[in-house]
Structure formats: structure tokens, C-alpha cells
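Read the structure below first, then the notes.
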Number of protein chains: 2
Amino acid sequence: MGTVALDSVQTPFGKTKNALGGSATYFSVAASFFSKVKLVAVVGTDFPPKFLNFLQSRNIDTKGLQIKKGKTFSWTGRYSYDLNNPQTLKTELNLLAGFHPRIPSGYQNERNVFLANIDPHVQLSLLKQLKSPQLVVADTMNYWIEHEKKALKQVLKKSDILILNDSEARQFSQEANLVKAARHLLNLGPRLVIIKRGEYGCLLISKTFAFCIPACLLEKVLDPTGAGDTFGGGFLGYLDGCRKLNEASLRKAIVYGTIMASYVVESFSLNRMRRLKKNDIQARFKQFRRLTRF
Amino acid sequence: MGTVALDSVQTPFGKTKNALGGSATYFSVAASFFSKVKLVAVVGTDFPPKFLNFLQSRNIDTKGLQIKKGKTFSWTGRYSYDLNNPQTLKTELNLLAGFHPRIPSGYQNERNVFLANIDPHVQLSLLKQLKSPQLVVADTMNYWIEHEKKALKQVLKKSDILILNDSEARQFSQEANLVKAARHLLNLGPRLVIIKRGEYGCLLISKTFAFCIPACLLEKVLDPTGAGDTFGGGFLGYLDGCRKLNEASLRKAIVYGTIMASYVVESFSLNRMRRLKKNDIQARFKQFRRLTRF
């Protein structure tokens with residue numbers, strides 16, 4: 001559950017207008033390479049049928065995608081050569097403003113839930129509709145930390161895993177040191193905190209172990225939009241297919257998240273994902289092992 | 001060979017005045033945990049005997065350390081909470097200005113050479129005095145890239161391995177992408193380029209393979225001064241003790257460099273190194289394996 005958006009993005013390497021985007025979109029498409037995804041979100045009647053077709057072609061269940069009269073949420077942003085930090089030029093909430101997620105019948109017993117970046121009140125509203133999820137993974141962003149910290153803390157209480165980037169972890173915890181920041185966040189509920197560091201990789205911190213890897217070495221990065229959500233999709237998608245949730249599967253899931261993110265940034269919007277094959281993922285996984293082993 | 005200095009450093013966590021510093025100092029002390037180091041540098045008569053004693057207590061051969069009438073090179077700098085980028089407040093070259101490295105008799109056949117950060121003309125002058133070194137590792141910094149690029153290119157031609165940080169790699173190559181930057185540098189002579197990324201770890205790129213690791217996760221970083229030189233010391237010190245220079249030993253050497261750097265930043269100047277034991281190094285090596293394996 002999260003946003004499905006129409007993005008207009010400019011980077012030093014090109015631009016898009018009203019391209020497919022949104023936190024739940026990136027998540028779902030990445031996760032669809034590993035498991036069956038049920039998408040919960042809202043779009044307007046302006047949402048191009050070809051985008052809906054693409055999601056369905058990825059075998060994503062779109063029964064939970066509300067199509068309402070009005071305009072789809074839209075984000076306009078620009079990246080300079082520092083591809084880690086976009087500049088938001090325009091955010092048009094449109095239908096997202098009054099979004100109440102409603103899960104279709106048959107979804108109540110879902111085990112694994114990804115709360116992609118969206119208003120934490122909406123994340124809480126979704127959680128209330130689920131009976132007893134096994135694994136709740138929540139993502140968020142600086143805006144909610146600044147403006148909705150109370151609701152966000154409620155989300156953390158009900159989450160097993162929190163995913164956020166390094167500056168957000170520092171902002172939330174008021175700790176410059178990431179290990180201390182993660183410990184602060186672990187005390188608020190989640191069993192695991194995953195801190196994303198953009199091109200520098202990511203780290204996972206629990207009360208019993210830590211795991212840290214670099215990102216893939218890429219020569220071509222055209223558009224980093226959605227990299228974090230795609231990471232989440234690879235991460236939870238892989239875990240969903242694992243029989244056991246243990247340290248070993250969590251470490252591998254982090255690597256699969258990293259691999260999926262490395263593909264999505266190679267092109268604008270989700271274009272690279274359209275021609276991605278399972279073999280590509282395995283090939284880059286092996287390559288990543290070679291990159292990091294000693 | 002490089003600088004031995006008296007550093008005055010301020011960070012958000014404390015400060016030092018005329019503490020032991022310099023690129024060759026950090027390198028030598030780190031390397032001394034793995035092999036026998038022969039130091040070539042210059043200091044003034046103001047250089048405290050206790051510092052000389054410390055170097056000798058680390059079994060570092062100081063026959064090549066010239067003690068001249070005058071003042072020792074001195075650096076004054078300040079770090080804010082962004083510990084990756086120091087602000088230089090004062091650089092007093094003093095005796096370093098007229099430094100001509102002279103290697104003592106018996107040093108001509110040294111196999112492994114570390115040209116720590118210093119004027120590239122001085123690096124070239126040292127190389128001329130060696131018969132046929134097997135492995136020349138050169139470090140440098142932004143100042144020489146900007147002001148002495150021609151001499152630096154001569155150094156690269158004669159070097160096997162170049163170590164520099166990410167912004168310097170970009171500056172030298174005029175390439176924003178690090179893989180492309182490394183390829184540019186590989187074309188200028190070295191067989192391997194090591195790019196340091198501060199708290200984010202480092203990467204090694206050759207024409208046949210790449211290796212990339214994060215840094216150690218530290219809760220306590222008091223003073224990052226000398227981390228890069230210490231990395232070099234762990235790296236070449238470990239390699240010096242290896243029978244073979246191959247991909248496997250290079251990867252391990254990078255990890256040992258990372259481990260040594262993780263210790264030096266835990267305290268000001270070289271204070272942490274004074275009480276460091278070989279066992280500590282092995283313990284953190286194992287810890288690092290756990291941190292990164294999947």
C-alpha cells in the first residue's frame with residue numbers, strides 16, 4: 001500500500017512527463033519478480049490504461065487499486081549531478097488528499113505487508129483492516145517525520161521493520177551517529193531498522209546483529225527516482241518466498257533489494273523493469289557476491 | 001615516505017595541540033602491526049623526543065627520518081559534525097618546503113614502497129633512489145591534483161597502485177561516475193585504483209575485477225585525521241607479509257586497511273594505536289566478516 005503517481009522528472013541525463021511512478025508502484029513491480037503482490041492505492045480517471053496494463057502484466061493484483069473520478073497524485077522533481085537529493089518542484093496531492101485505503105475481501109489474512117511511503121495515518125488505517133499480519137514493513141520520509149511524528153510513532157509501534165534513509169534516521173532520532181540513531185528507532189517498536197544510504201548501499205541493524213553492504217557499482221545512473229521503494233520490493237518480495245524469516249534470509253533479502261534498486265535507476269520511471277528478466281537478477285546477484293567477498 | 005607533522009586539530013568532540021601527525025606517521029604506525037617499516041621523512045629540532053620514541057617503540061626504522069635545524073611541518077584543522085571534510089585553518093610547511101628525501105644505504109633494494117601524500121616531485125625524487133621496487137603505492141590529495149598535475153601524472157606512470165578519495169578521483173578524471181573515473185586513472189599507469197569514501201568504505205578497481213566494501217560501523221568517531229594514511233598502512237603492511245600478490249590477498253589487504261582506519265578514528269592523533277593489540281585487529285576482522293557476509 002502506498003502511492004501510485006504520475007511523475008515528471010528531470011535529471012542531467014533526460015526527462016519524463018507524467019511517467020508511471022509512486023512508492024507502491026515501484027515496490028509492487030520490484031516485488032512482482034519474487035512473489036504475488038496485492039496492490040492497495042488510489043488513482044484518478046486520468047490514469048493511463050497502459051500503466052494499469054503494465055502492472056497487471058507483472059501479475060500484480062489490482063483489485064485494491066481504487067480508480068476515482070479526478071486526478072492522480074503527481075510529483076514533479078529535478079535532480080542535479082548529486083543524484084542523491086532531488087529537488088521537489090511540485091507536489092499535487094489530488095485524489096491522494098482524501099485517500100482511505102480499502103482492502104478487498106480476501107485480503108484480511110495477508111501475512112506480509114509493506115506500508116510504502118505515504119501519510120502515516122493512512123498506513124495506520126490499512127493496518128486496522130488486517131487480522132494478524134506476520135511481518136509489517138514500513139517506509140517513510142522526512143516530511144512525515146517533521147509533520148506527523150506522533151502518527152508515525154504509532155506506525156513504528158505496529159511495525160516489525162522500519163526502512164528509511166540515513167538523513168531521515170538522523171532527523172528522527174536527533175543522533176548524528178547511525179548506530180545510535182538505529183538504536184533509538186529500535187526502542188520505538190520495530191525489531192529491525194534498515195537505513196538506506198543511496199549510492200553507498202545500506203545497513204540493517206537489529207538488537208542482535210548488524211549487516212552492511214555497499215550498493216552495486218554502476219556506470220549508468222539515469223534516474224534514481226523510486227530506488228528506495230524498489231529496494232523495499234526486492235527485500236520483502238524475496239522474504240515472502242522464503243520459508244523462514246531468519247538472519248540468513250534477511251541478509252539475502254537486503255542484497256536482493258540492492259540488486260533491484262540497481263536496475264531501476266538505470267533508466268527513467270520503471271522502464272528498465274519492463275525488460276528485466278529473472279536471469280538478470282541472478283546474474284547481478286552473483287556479480288555482487290564477487291564484488292564484496294573476501 | 002611522506003610527512004611527519006605536528007597537528008592541531010579540533011572536532012566537535014575535543015581538540016589537540018601539536019599532536020603527532022603526518023601522512024607517513026599514520027602510515028608507518030598502521031603498517032608496523034604487520035611488517036617492518038622504514039620511514040623516510042623530515043622533522044625539525046622541535047620534534048618532541050617522545051614522538052620519536054613512540055615510532056621506535058613500534059619497531060619502525062627511523063634512519064631515514066632527517067632531523068634538521070628548524071620547525072617541523074604543522075597542520076591546523078577543524079572538523080564540524082560532517083567528519084568527512086576538514087577545514088584547513090593553517091598549513092605551515094616549515095622544513096618540508098626544502099625537503100629532499102634521502103634513503104639510507106641498504107634501502108635501495110626495498111620491494112614495497114608507499115608514497116604517502118606529499119608534493120609529487122618529492123615522491124618522484126624518492127623513486128629515483130630505488131633500484132627496482134616491486135610494488136609502488138601512491139597516495140595524493142586535491143592540492144596536488146590542482147597545482148601539480150603534470151608531476152603527479154609522472155608518479156602515476158611509475159606506480160602500481162593509486163589511492164585517493166572519491167572527490168579526488170572525480171576531480172582528477174573530470175568524471176562524476178566513480179567507475180569511469182577509475183578507468184580514466186587506470187589508463188595513466190597504475191594497475192589498481194583504490195577509491196576511499198570515508199565513512200562509506202572504499203572500492204578497488206582494476207582492469208579485471210572490482211571490490212567494494214563498507215567501512216566498519218562505529219559508534220565513536222572522535223577524529224578522522226589520518227584515516228586514509230592509516231588505511232594505506234594496513235593495506236600495504238598486510239600485503240608486505242603475503243607470499244603472493246593476487247586478487248585474494250589484495251581483497252584481504254583492503255579489509256585490513258579498513259580495520260586499521262576504524263581504530264585510528266576512535267581517538268585523537270595516534271592515541272588509539274598506542275594501546276592497540278594484534279588480537280584487537282583480528283577480532284575486528286572477524287566482526288567485519290559477520291557485518292558483511294551473506
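Letters A, B, ... go to the chains of the C-alpha cells in the order shown; residues in each chain start at 1; ligands are counted from 1 in the same order.
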Near Ser269 in chain B, within 8 Å and counting only C-alpha atoms, which residues show up once chain neighbours fewer than 2 positions away are dropped, as a PyMOL selection string? chain B and resi 7+16+19-21+223+225-226+264+267+271-272
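Within 10 Å of Lys36 in chain B, once only C-alpha atoms are used and residues closer than 2 positions along the same chain are dropped, the contacting residues are Ser28, Ala31, Ser32, Phe33, Phe34, Lys38, Leu39, Arg58, Asn59, Ile60, Asp61, Gly237, Asp240 and Gly241 of chain B.
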Taking C-alpha atoms for each residue, export the selection above as a tab-separated table (two decimals), in the first residue's frame.
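Contents of the output file selection.tsv:
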chain	number	residue	atom	x	y	z
B	28	SER	CA	54.07	3.73	9.37
B	31	ALA	CA	51.88	-0.84	8.82
B	32	SER	CA	54.08	-1.61	11.83
B	33	PHE	CA	51.40	-4.01	13.11
B	34	PHE	CA	52.05	-6.20	10.07
B	38	LYS	CA	61.47	2.02	7.09
B	39	LEU	CA	60.35	5.63	7.45
B	58	ARG	CA	56.60	0.40	17.11
B	59	ASN	CA	59.80	-1.10	15.67
B	60	ILE	CA	59.85	1.50	12.88
B	61	ASP	CA	63.30	2.07	11.40
B	237	GLY	CA	51.59	-3.65	5.69
B	240	ASP	CA	54.13	-6.97	2.61
B	241	GLY	CA	53.64	-10.08	4.71
Could I get the residues of chain B with an atom no further than 7 Å from an atom of chain A, each paired with its nearest atom pair and that distance in Å to one decimal, using only C-alpha atoms, sorted by chain and residue number, as a Markdown table?
| residue | atom | partner | partner_atom | distance |
| --- | --- | --- | --- | --- |
| B:Asn177 | CA | A:Glu219 | CA | 6.3 |
| B:Val179 | CA | A:Glu219 | CA | 6.0 |
| B:Lys180 | CA | A:Glu219 | CA | 6.7 |
| B:Tyr200 | CA | A:Tyr200 | CA | 6.1 |
| B:Ala210 | CA | A:Leu291 | CA | 5.7 |
| B:Phe211 | CA | A:Leu291 | CA | 4.6 |
| B:Cys212 | CA | A:Thr292 | CA | 5.5 |
| B:Ile213 | CA | A:Pro214 | CA | 5.9 |
| B:Pro214 | CA | A:Pro214 | CA | 5.6 |
| B:Glu219 | CA | A:Val179 | CA | 6.0 |
| B:Ala248 | CA | A:Phe294 | CA | 6.7 |
| B:Arg251 | CA | A:Phe294 | CA | 5.6 |
| B:Lys252 | CA | A:Phe294 | CA | 6.0 |
| B:Leu291 | CA | A:Phe211 | CA | 4.6 |
| B:Thr292 | CA | A:Cys212 | CA | 5.5 |
| B:Phe294 | CA | A:Arg251 | CA | 5.6 |
Restricting it to C-alpha atoms, dump the selection as an mmCIF file, in the first residue's frame.
data_model
loop_
_atom_site.group_PDB
_atom_site.id
_atom_site.type_symbol
_atom_site.label_atom_id
_atom_site.label_comp_id
_atom_site.auth_asym_id
_atom_site.auth_seq_id
_atom_site.Cartn_x
_atom_site.Cartn_y
_atom_site.Cartn_z
ATOM 1 C CA ASN B 177 30.857 8.374 -12.125
ATOM 2 C CA VAL B 179 33.772 3.535 -12.275
ATOM 3 C CA LYS B 180 34.538 5.815 -15.194
ATOM 4 C CA TYR B 200 31.125 4.745 3.429
ATOM 5 C CA ALA B 210 36.333 -4.760 -8.689
ATOM 6 C CA PHE B 211 35.998 -5.000 -4.914
ATOM 7 C CA CYS B 212 33.844 -2.807 -2.740
ATOM 8 C CA ILE B 213 33.209 -2.808 0.993
ATOM 9 C CA PRO B 214 31.593 -0.503 3.527
ATOM 10 C CA GLU B 219 29.609 4.416 17.446
ATOM 11 C CA ALA B 248 42.624 -12.768 -2.783
ATOM 12 C CA ARG B 251 40.936 -8.066 -1.106
ATOM 13 C CA LYS B 252 42.099 -9.016 2.357
ATOM 14 C CA LEU B 291 28.932 -7.474 9.251
ATOM 15 C CA THR B 292 29.244 -8.049 5.506
ATOM 16 C CA PHE B 294 25.509 -13.105 3.144
#
Within range 86-186 of chain B, find each residue whose DSSP state, derived from the backbone, is alpha helix (DSSP H), and express the selection as JSON, numbers by chain. {"B": [120, 121, 122, 123, 124, 125, 126, 127, 128, 142, 143, 144, 145, 146, 147, 149, 150, 151, 152, 153, 154, 155, 156, 157, 166, 167, 168, 169, 170, 171, 172, 173, 178, 179, 180, 181, 182, 183, 184, 185, 186]}
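The closest residue to Gly232 in chain A, picked from A:Gly98, A:Pro86, A:Pro120, A:Gly257 and counting only C-alpha atoms, is A:Gly257.
Here CA of Leu52 in chain B is placed at a distance of 27.7 Å from CA of Gln87 in chain B.
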